[in-house]
file work_32.cif (mmCIF, C-alpha atoms)
data_coords
#
loop_
_atom_site.label_atom_id
_atom_site.label_comp_id
_atom_site.auth_asym_id
_atom_site.auth_seq_id
_atom_site.Cartn_x
_atom_site.Cartn_y
_atom_site.Cartn_z
CA ALA L 62 0.00 0.00 0.00
CA GLY L 63 1.08 3.30 -0.60
CA ALA L 64 1.86 5.81 2.08
CA THR L 65 -0.97 7.34 4.18
CA GLY L 66 -2.04 10.58 2.78
CA PRO L 67 -2.38 13.75 4.77
CA THR L 68 -5.30 14.17 7.16
CA GLY L 69 -8.17 15.82 5.54
CA ALA L 70 -9.76 19.00 6.80
CA THR L 71 -12.06 18.72 9.84
CA GLY L 72 -15.64 18.44 8.92
CA PRO L 73 -18.40 20.52 10.42
CA THR L 74 -19.62 19.77 14.02
CA GLY L 75 -22.47 17.41 14.11
CA VAL L 76 -25.77 17.96 15.88
CA THR L 77 -25.56 17.82 19.72
CA GLY L 78 -26.88 14.61 21.00
CA PRO L 79 -29.31 14.34 23.96
CA THR L 80 -28.04 15.00 27.52
CA GLY L 81 -26.83 11.93 29.17
CA ALA L 82 -27.99 10.80 32.62
CA THR L 83 -26.61 12.74 35.68
CA GLY L 84 -23.59 11.10 37.06
CA PRO L 85 -23.13 10.47 40.79
CA THR L 86 -22.33 13.42 43.18
CA GLY L 87 -18.68 14.02 43.48
CA PRO L 88 -16.92 14.33 46.83
CA ILE L 89 -17.40 17.63 48.85
CA GLY L 90 -14.70 20.05 48.12
CA SER L 91 -12.66 21.82 50.79
CA THR L 92 -14.16 24.96 52.54
CA GLY L 93 -13.38 28.08 50.69
CA VAL L 94 -11.86 31.18 52.18
CA THR L 95 -14.27 33.16 54.51
CA GLY L 96 -15.64 36.14 52.75
CA PRO L 97 -15.57 39.67 54.21
CA ALA L 98 -18.12 40.54 56.99
CA GLY L 99 -21.33 41.96 55.73
CA ILE L 100 -22.65 45.40 56.67
CA ALA L 101 -24.13 45.49 60.26
CA GLY L 102 -27.87 45.32 60.26
CA VAL L 103 -30.21 47.80 62.01
CA ALA L 104 -30.32 47.29 65.85
CA GLY L 105 -33.41 45.46 66.95
CA ALA L 106 -35.96 46.90 69.43
CA THR L 107 -34.98 46.78 73.19
CA GLY L 108 -36.39 43.74 74.83
CA PRO L 109 -38.45 43.90 78.09
CA THR L 110 -36.57 44.37 81.39
CA GLY L 111 -35.72 41.10 82.96
CA PRO L 112 -36.69 40.25 86.57
CA ILE L 113 -34.59 41.82 89.38
CA GLY L 114 -31.88 39.53 90.49
CA SER L 115 -31.36 38.56 94.12
CA THR L 116 -29.38 40.96 96.33
CA GLY L 117 -25.73 40.30 96.24
CA ALA L 118 -23.64 39.69 99.33
CA THR L 119 -22.71 42.79 101.40
CA GLY L 120 -19.36 44.10 100.45
CA PRO L 121 -16.61 44.78 102.98
CA THR L 122 -16.85 47.98 105.11
CA GLY L 123 -15.20 50.88 103.42
CA ALA L 124 -12.46 52.93 104.99
CA THR L 125 -13.53 55.50 107.65
CA GLY L 126 -14.09 58.90 106.10
CA PRO L 127 -12.53 62.09 107.45
CA THR L 128 -14.06 63.67 110.60
CA GLY L 129 -16.80 66.17 109.78
CA PRO L 130 -16.86 69.75 111.09
CA ILE L 131 -17.93 70.34 114.73
CA GLY L 132 -21.66 70.98 114.99
CA SER L 133 -23.25 73.90 116.79
CA THR L 134 -23.62 73.69 120.57
CA GLY L 135 -26.84 72.02 121.68
CA ALA L 136 -29.39 73.55 124.02
CA THR L 137 -28.50 73.59 127.72
CA GLY L 138 -29.94 70.59 129.52
CA PRO L 139 -32.12 70.89 132.62
CA ALA L 140 -30.39 71.65 135.92
CA GLY L 141 -29.35 68.60 137.85
CA VAL L 142 -30.62 67.71 141.27
CA THR L 143 -29.12 69.87 144.00
CA GLY L 144 -26.43 68.01 145.82
CA PRO L 145 -26.38 67.58 149.58
CA ALA L 146 -25.30 70.57 151.67
CA GLY L 147 -21.62 70.63 152.46
CA PRO L 148 -20.36 70.60 156.01
CA THR L 149 -20.65 73.82 157.97
CA GLY L 150 -17.48 75.85 157.77
CA PRO L 151 -15.68 77.10 160.83
CA ALA L 152 -17.10 80.16 162.56
CA GLY L 153 -15.61 83.43 161.40
CA ALA L 154 -13.81 85.79 163.67
CA THR L 155 -16.00 87.98 165.86
CA GLY L 156 -16.50 91.39 164.32
CA PRO L 157 -15.84 94.64 166.11
CA THR L 158 -18.42 95.90 168.56
CA GLY L 159 -20.95 98.18 166.93
CA PRO L 160 -21.79 101.65 168.13
CA THR L 161 -24.01 101.96 171.14
CA GLY L 162 -27.66 102.17 170.14
CA VAL L 163 -30.04 104.94 171.03
CA ILE L 164 -32.16 104.18 174.07
CA ALA L 165 -35.73 105.23 173.38
CA THR L 166 -37.13 107.34 176.17
CA ASN L 167 -40.57 107.90 174.57
CA VAL L 168 -42.45 104.78 173.47
CA LEU L 169 -46.12 103.85 173.27
CA ASN L 170 -47.55 100.48 172.23
CA ALA L 171 -51.33 99.90 172.26
CA VAL L 172 -53.36 96.81 171.33
CA ASN L 173 -56.95 95.73 170.73
CA ALA L 174 -57.39 91.95 170.63
CA PRO L 175 -61.18 91.60 170.10
CA SER L 176 -62.67 92.05 166.65
CA GLN L 177 -64.08 95.49 165.85
CA THR L 178 -66.11 96.71 162.88
CA PRO L 179 -65.88 100.43 162.01
CA ALA L 180 -69.19 102.25 162.40
CA THR L 181 -68.52 104.41 159.31
CA ALA L 182 -66.09 104.52 156.44
CA ASN L 183 -62.78 106.19 157.32
CA ALA L 184 -63.42 105.75 161.04
CA ALA L 185 -60.47 105.33 163.41
CA LEU L 186 -59.95 101.95 165.09
CA THR L 187 -59.84 102.03 168.89
CA PHE L 188 -57.27 100.42 171.19
CA ALA L 189 -58.37 98.99 174.51
CA THR L 190 -54.99 98.56 176.20
CA ASN L 191 -51.70 100.48 176.45
CA GLN L 192 -49.11 97.70 176.83
CA THR L 193 -46.13 100.07 176.92
CA ALA L 194 -46.15 103.77 177.73
CA ILE L 195 -42.79 105.44 178.38
CA GLY L 196 -42.22 109.20 178.47
CA THR L 197 -44.56 112.09 177.87
CA ALA L 198 -44.02 112.74 174.16
CA ILE L 199 -46.76 110.28 173.11
CA GLU L 200 -50.18 110.14 174.76
CA HIS L 201 -53.09 107.72 174.34
CA THR L 202 -56.23 107.16 176.40
CA ALA L 203 -57.15 103.45 176.53
CA GLY L 204 -60.35 102.69 174.65
CA THR L 205 -59.92 105.53 172.14
CA GLY L 206 -58.29 105.78 168.71
CA ASN L 207 -56.32 109.05 169.01
CA PHE L 208 -52.56 109.09 169.65
CA ILE L 209 -51.33 112.57 170.57
CA ILE L 210 -47.71 113.48 169.81
CA ASN L 211 -46.72 116.35 172.13
CA GLU L 212 -43.08 117.00 171.18
CA THR L 213 -41.18 117.88 168.03
CA GLY L 214 -38.90 115.18 166.67
CA ILE L 215 -38.70 112.11 164.43
CA TYR L 216 -41.11 109.25 165.17
CA ALA L 217 -41.29 105.67 163.88
CA ILE L 218 -44.87 104.35 163.62
CA ARG L 219 -45.99 100.79 162.79
CA TYR L 220 -49.35 98.98 162.84
CA ASP L 221 -50.52 95.36 162.37
CA SER L 222 -54.01 93.84 162.21
CA ILE L 223 -55.84 90.68 161.12
CA THR L 224 -58.86 91.34 158.90
CA SER L 225 -61.88 89.30 157.74
CA ASN L 226 -65.28 90.07 156.25
CA ALA L 227 -67.89 91.61 158.54
CA VAL L 228 -71.16 89.79 159.26
CA GLY L 229 -73.72 90.59 156.54
CA SER L 230 -71.16 92.03 154.12
CA THR L 231 -71.24 91.19 150.43
CA LEU L 232 -68.24 89.24 149.17
CA PRO L 233 -65.67 89.93 147.94
CA VAL L 234 -64.63 92.49 150.55
CA ILE L 235 -61.66 94.85 150.17
CA ALA L 236 -60.28 95.58 153.63
CA THR L 237 -58.09 98.68 153.95
CA LEU L 238 -56.12 100.34 156.75
CA SER L 239 -53.92 103.45 156.69
CA LEU L 240 -52.34 105.90 159.10
CA ALA L 241 -53.64 109.46 159.27
CA ASN L 242 -52.27 112.66 160.82
CA GLY L 243 -55.00 115.08 161.83
CA GLY L 244 -57.46 113.13 159.65
CA ILE L 245 -55.22 113.40 156.55
CA PRO L 246 -53.88 110.06 155.21
CA ILE L 247 -50.11 109.65 155.56
CA ILE L 248 -48.60 108.75 152.18
CA ALA L 249 -47.43 105.14 151.62
CA THR L 250 -49.01 103.72 154.80
CA THR L 251 -52.04 102.02 153.20
CA SER L 252 -52.35 98.22 153.41
CA SER L 253 -55.22 96.30 151.79
CA ALA L 254 -56.43 92.75 151.14
CA THR L 255 -59.35 91.15 149.29
CA ILE L 256 -61.47 88.67 151.24
CA VAL L 257 -63.26 86.32 148.83
CA ALA L 258 -64.87 83.79 151.18
CA THR L 259 -66.43 83.86 154.63
CA GLY L 260 -63.89 82.69 157.19
CA ASP L 261 -60.88 83.87 155.20
CA ASN L 262 -58.54 86.38 156.81
CA ALA L 263 -55.46 88.40 155.94
CA THR L 264 -52.79 90.38 157.76
CA LEU L 265 -52.53 94.12 157.16
CA SER L 266 -49.49 96.13 158.23
CA GLY L 267 -47.80 99.41 157.50
CA ASN L 268 -45.14 101.76 158.84
CA THR L 269 -43.72 105.24 158.39
CA ILE L 270 -41.19 107.72 159.72
CA LEU L 271 -42.91 110.97 160.74
CA SER L 272 -41.31 114.35 161.36
CA VAL L 273 -43.30 116.42 163.87
CA VAL L 274 -42.53 120.12 163.74
CA ALA L 275 -45.70 121.71 165.16
CA PRO L 276 -47.12 119.59 167.99
CA PRO L 277 -49.54 118.50 169.10
CA GLU L 278 -50.38 116.14 166.19
CA THR L 279 -53.06 113.43 166.29
CA ILE L 280 -52.29 110.03 164.76
CA THR L 281 -55.09 107.53 163.98
CA LEU L 282 -55.37 104.14 162.27
CA VAL L 283 -58.24 104.48 159.79
CA ALA L 284 -60.39 101.74 158.20
CA GLY L 285 -61.50 102.33 154.61
CA ASN L 286 -65.06 100.91 154.91
CA THR L 287 -67.54 99.07 157.13
CA SER L 288 -67.39 95.71 155.30
CA ALA L 289 -64.42 94.28 157.20
CA ASP L 290 -63.64 93.30 160.79
CA PHE L 291 -60.26 93.91 162.43
CA SER L 292 -58.78 91.90 165.32
CA SER L 293 -55.44 91.50 167.11
CA THR L 294 -54.68 95.09 166.14
CA SER L 295 -51.59 96.86 167.49
CA ILE L 296 -49.81 100.16 166.97
CA SER L 297 -46.34 101.25 168.11
CA ILE L 298 -44.98 104.80 168.16
CA ILE L 299 -41.33 105.42 169.08
CA LYS L 300 -39.60 108.79 169.25
CA LEU L 301 -36.19 108.41 167.56
CA ASP L 302 -34.73 111.83 168.46
#
call {"tool": "encode", "arguments": {"input": "work_32.cif", "output": "structure tokens"}}
result
Amino acid sequence: AGATGPTGATGPTGVTGPTGATGPTGPIGSTGVTGPAGIAGVAGATGPTGPIGSTGATGPTGATGPTGPIGSTGATGPAGVTGPAGPTGPAGATGPTGPTGVIATNVLNAVNAPSQTPATANAALTFATNQTAIGTAIEHTAGTGNFIINETGIYAIRYDSITSNAVGSTLPVIATLSLANGGIPIIATTSSATIVATGDNATLSGNTILSVVAPPETITLVAGNTSADFSSTSISIIKLD
């Protein structure tokens, strides 16, 4: 045979035949490289608050803080109970003897113990008994109310009396006594008390220093009204110089 001739030109592609049956799945390939992270999505709505958890254990005490400023002084507390009296101290030295006193040479003291009710307002009380009568400067007739001062000089006068409401008087009763000179009240010698119940009583007293320059002068103890009784009444007049 002769030598093989050259390959002829390729003919045109024939019509594609029908697809053959799918072959079996091949083995899984290896994981590929992770792709870049996607864009973050929009945050979702906040969920409802969860239940409160149980209280945790108390932590250790913290360090003591610095001392604060001093507060204002509080109110003074009530006084405490008085303690027992201390022992009596030793007697002090005797002082020097004082000057010799003036011996009164004109004194009159008169009293009226029974109760008496003035007959009129501003009437003088009477005195039944002269307990002391020394000298001639002061004169009083027992049973009367006039005390006559016969000499110039300085006189100390004092009175005392117990008062109560008179029988038939309307309560309350204001009982008043005062000294008078010649029927004129002597300033600052009035003593008064209010009797509010039958059987009540009060003590009236007064005193003065009187300068007599034009004797004789008549001293009386005057009751202000007729609504009060007066008992255990006394008056003392002493010439001082």
call {"tool": "residues_around", "arguments": {"input": "work_32.cif", "residues": "stretch 217-223 of chain L", "least_positions_apart": "4", "cutoff": "8 Å", "atoms": "all atoms listed in the file", "output": "PyMOL selection string"}}
result
chain L and resi 262-271+282+291-301
call {"tool": "closest_residue", "arguments": {"input": "work_32.cif", "among": "L:Gly153, L:Gly285, L:Gly214, L:Gly126", "to": "L:Ala198", "atoms": "all atoms listed in the file"}}
result
L:Gly214
call {"tool": "residues_around", "arguments": {"input": "work_32.cif", "residues": "L:Glu278", "least_positions_apart": "2", "cutoff": "6 Å", "atoms": "all atoms listed in the file", "output": "list of chain:residue names"}}
result
L:Ile209, L:Ile210, L:Pro276
call {"tool": "resolve_selection", "arguments": {"input": "work_32.cif", "expression": "the PyMOL selection byres ((chain L and resi 165) around 9)", "output": "MDAnalysis selection string"}}
result
chainID L and resid 163:164 166:168 195 299:302
call {"tool": "closest_residue", "arguments": {"input": "work_32.cif", "among": "L:Thr107, L:Ser225, L:Asn242, L:Ser91", "to": "L:Ile256", "atoms": "all atoms listed in the file"}}
result
L:Ser225
call {"tool": "closest_residue", "arguments": {"input": "work_32.cif", "among": "L:Ile280, L:Ile215, L:Ala275, L:Ala227", "to": "L:Gly244", "atoms": "all atoms listed in the file"}}
result
L:Ile280
call {"tool": "closest_residue", "arguments": {"input": "work_32.cif", "among": "L:Thr92, L:Thr205, L:Thr259, L:Thr281", "to": "L:Leu232", "atoms": "all atoms listed in the file"}}
result
L:Thr259
call {"tool": "closest_residue", "arguments": {"input": "work_32.cif", "among": "L:Pro85, L:Pro246, L:Gly229, L:Pro179", "to": "L:Asp290", "atoms": "only C-alpha atoms"}}
result
L:Pro179
call {"tool": "resolve_selection", "arguments": {"input": "work_32.cif", "expression": "the PyMOL selection byres ((chain L and resi 252) around 8)", "output": "PyMOL selection string"}}
result
chain L and resi 237-239+250-251+253-254+265-267
call {"tool": "write_last_selection", "arguments": {"input": "work_32.cif", "atoms": "C-alpha atoms", "output": "compact mmCIF listing (two decimals), in the coordinates of the input"}}
result
# COMPACT_ATOMS: atom_id res chain seq x y z
CA THR L 237 -58.09 98.68 153.95
CA LEU L 238 -56.12 100.34 156.75
CA SER L 239 -53.92 103.45 156.69
CA THR L 250 -49.01 103.72 154.80
CA THR L 251 -52.04 102.02 153.20
CA SER L 253 -55.22 96.30 151.79
CA ALA L 254 -56.43 92.75 151.14
CA LEU L 265 -52.53 94.12 157.16
CA SER L 266 -49.49 96.13 158.23
CA GLY L 267 -47.80 99.41 157.50
call {"tool": "atom_distance", "arguments": {"input": "work_32.cif", "atom1": "atom CA of L:Gln177", "atom2": "atom CA of L:Ala194"}}
result
23.0 Å
call {"tool": "closest_residue", "arguments": {"input": "work_32.cif", "among": "L:Val257, L:Ala101, L:Ile248, L:Val273", "to": "L:Val234", "atoms": "all atoms listed in the file"}}
result
L:Val257
call {"tool": "atom_distance", "arguments": {"input": "work_32.cif", "atom1": "atom CA of L:Thr187", "atom2": "atom CA of L:Ile247"}}
result
18.2 Å
call {"tool": "decode", "arguments": {"input": "work_32.cif", "residues": "stretch 142-283 of chain L", "atoms": "C-alpha atoms", "output": "short mmCIF file (atom, residue, chain, number, x, y, z; two decimals), in the first residue's frame"}}
result
data_model
loop_
_atom_site.label_atom_id
_atom_site.label_comp_id
_atom_site.auth_asym_id
_atom_site.auth_seq_id
_atom_site.Cartn_x
_atom_site.Cartn_y
_atom_site.Cartn_z
CA VAL L 142 -30.62 67.71 141.27
CA THR L 143 -29.12 69.87 144.00
CA GLY L 144 -26.43 68.01 145.82
CA PRO L 145 -26.38 67.58 149.58
CA ALA L 146 -25.30 70.57 151.67
CA GLY L 147 -21.62 70.63 152.46
CA PRO L 148 -20.36 70.60 156.01
CA THR L 149 -20.65 73.82 157.97
CA GLY L 150 -17.48 75.85 157.77
CA PRO L 151 -15.68 77.10 160.83
CA ALA L 152 -17.10 80.16 162.56
CA GLY L 153 -15.61 83.43 161.40
CA ALA L 154 -13.81 85.79 163.67
CA THR L 155 -16.00 87.98 165.86
CA GLY L 156 -16.50 91.39 164.32
CA PRO L 157 -15.84 94.64 166.11
CA THR L 158 -18.42 95.90 168.56
CA GLY L 159 -20.95 98.18 166.93
CA PRO L 160 -21.79 101.65 168.13
CA THR L 161 -24.01 101.96 171.14
CA GLY L 162 -27.66 102.17 170.14
CA VAL L 163 -30.04 104.94 171.03
CA ILE L 164 -32.16 104.18 174.07
CA ALA L 165 -35.73 105.23 173.38
CA THR L 166 -37.13 107.34 176.17
CA ASN L 167 -40.57 107.90 174.57
CA VAL L 168 -42.45 104.78 173.47
CA LEU L 169 -46.12 103.85 173.27
CA ASN L 170 -47.55 100.48 172.23
CA ALA L 171 -51.33 99.90 172.26
CA VAL L 172 -53.36 96.81 171.33
CA ASN L 173 -56.95 95.73 170.73
CA ALA L 174 -57.39 91.95 170.63
CA PRO L 175 -61.18 91.60 170.10
CA SER L 176 -62.67 92.05 166.65
CA GLN L 177 -64.08 95.49 165.85
CA THR L 178 -66.11 96.71 162.88
CA PRO L 179 -65.88 100.43 162.01
CA ALA L 180 -69.19 102.25 162.40
CA THR L 181 -68.52 104.41 159.31
CA ALA L 182 -66.09 104.52 156.44
CA ASN L 183 -62.78 106.19 157.32
CA ALA L 184 -63.42 105.75 161.04
CA ALA L 185 -60.47 105.33 163.41
CA LEU L 186 -59.95 101.95 165.09
CA THR L 187 -59.84 102.03 168.89
CA PHE L 188 -57.27 100.42 171.19
CA ALA L 189 -58.37 98.99 174.51
CA THR L 190 -54.99 98.56 176.20
CA ASN L 191 -51.70 100.48 176.45
CA GLN L 192 -49.11 97.70 176.83
CA THR L 193 -46.13 100.07 176.92
CA ALA L 194 -46.15 103.77 177.73
CA ILE L 195 -42.79 105.44 178.38
CA GLY L 196 -42.22 109.20 178.47
CA THR L 197 -44.56 112.09 177.87
CA ALA L 198 -44.02 112.74 174.16
CA ILE L 199 -46.76 110.28 173.11
CA GLU L 200 -50.18 110.14 174.76
CA HIS L 201 -53.09 107.72 174.34
CA THR L 202 -56.23 107.16 176.40
CA ALA L 203 -57.15 103.45 176.53
CA GLY L 204 -60.35 102.69 174.65
CA THR L 205 -59.92 105.53 172.14
CA GLY L 206 -58.29 105.78 168.71
CA ASN L 207 -56.32 109.05 169.01
CA PHE L 208 -52.56 109.09 169.65
CA ILE L 209 -51.33 112.57 170.57
CA ILE L 210 -47.71 113.48 169.81
CA ASN L 211 -46.72 116.35 172.13
CA GLU L 212 -43.08 117.00 171.18
CA THR L 213 -41.18 117.88 168.03
CA GLY L 214 -38.90 115.18 166.67
CA ILE L 215 -38.70 112.11 164.43
CA TYR L 216 -41.11 109.25 165.17
CA ALA L 217 -41.29 105.67 163.88
CA ILE L 218 -44.87 104.35 163.62
CA ARG L 219 -45.99 100.79 162.79
CA TYR L 220 -49.35 98.98 162.84
CA ASP L 221 -50.52 95.36 162.37
CA SER L 222 -54.01 93.84 162.21
CA ILE L 223 -55.84 90.68 161.12
CA THR L 224 -58.86 91.34 158.90
CA SER L 225 -61.88 89.30 157.74
CA ASN L 226 -65.28 90.07 156.25
CA ALA L 227 -67.89 91.61 158.54
CA VAL L 228 -71.16 89.79 159.26
CA GLY L 229 -73.72 90.59 156.54
CA SER L 230 -71.16 92.03 154.12
CA THR L 231 -71.24 91.19 150.43
CA LEU L 232 -68.24 89.24 149.17
CA PRO L 233 -65.67 89.93 147.94
CA VAL L 234 -64.63 92.49 150.55
CA ILE L 235 -61.66 94.85 150.17
CA ALA L 236 -60.28 95.58 153.63
CA THR L 237 -58.09 98.68 153.95
CA LEU L 238 -56.12 100.34 156.75
CA SER L 239 -53.92 103.45 156.69
CA LEU L 240 -52.34 105.90 159.10
CA ALA L 241 -53.64 109.46 159.27
CA ASN L 242 -52.27 112.66 160.82
CA GLY L 243 -55.00 115.08 161.83
CA GLY L 244 -57.46 113.13 159.65
CA ILE L 245 -55.22 113.40 156.55
CA PRO L 246 -53.88 110.06 155.21
CA ILE L 247 -50.11 109.65 155.56
CA ILE L 248 -48.60 108.75 152.18
CA ALA L 249 -47.43 105.14 151.62
CA THR L 250 -49.01 103.72 154.80
CA THR L 251 -52.04 102.02 153.20
CA SER L 252 -52.35 98.22 153.41
CA SER L 253 -55.22 96.30 151.79
CA ALA L 254 -56.43 92.75 151.14
CA THR L 255 -59.35 91.15 149.29
CA ILE L 256 -61.47 88.67 151.24
CA VAL L 257 -63.26 86.32 148.83
CA ALA L 258 -64.87 83.79 151.18
CA THR L 259 -66.43 83.86 154.63
CA GLY L 260 -63.89 82.69 157.19
CA ASP L 261 -60.88 83.87 155.20
CA ASN L 262 -58.54 86.38 156.81
CA ALA L 263 -55.46 88.40 155.94
CA THR L 264 -52.79 90.38 157.76
CA LEU L 265 -52.53 94.12 157.16
CA SER L 266 -49.49 96.13 158.23
CA GLY L 267 -47.80 99.41 157.50
CA ASN L 268 -45.14 101.76 158.84
CA THR L 269 -43.72 105.24 158.39
CA ILE L 270 -41.19 107.72 159.72
CA LEU L 271 -42.91 110.97 160.74
CA SER L 272 -41.31 114.35 161.36
CA VAL L 273 -43.30 116.42 163.87
CA VAL L 274 -42.53 120.12 163.74
CA ALA L 275 -45.70 121.71 165.16
CA PRO L 276 -47.12 119.59 167.99
CA PRO L 277 -49.54 118.50 169.10
CA GLU L 278 -50.38 116.14 166.19
CA THR L 279 -53.06 113.43 166.29
CA ILE L 280 -52.29 110.03 164.76
CA THR L 281 -55.09 107.53 163.98
CA LEU L 282 -55.37 104.14 162.27
CA VAL L 283 -58.24 104.48 159.79
#
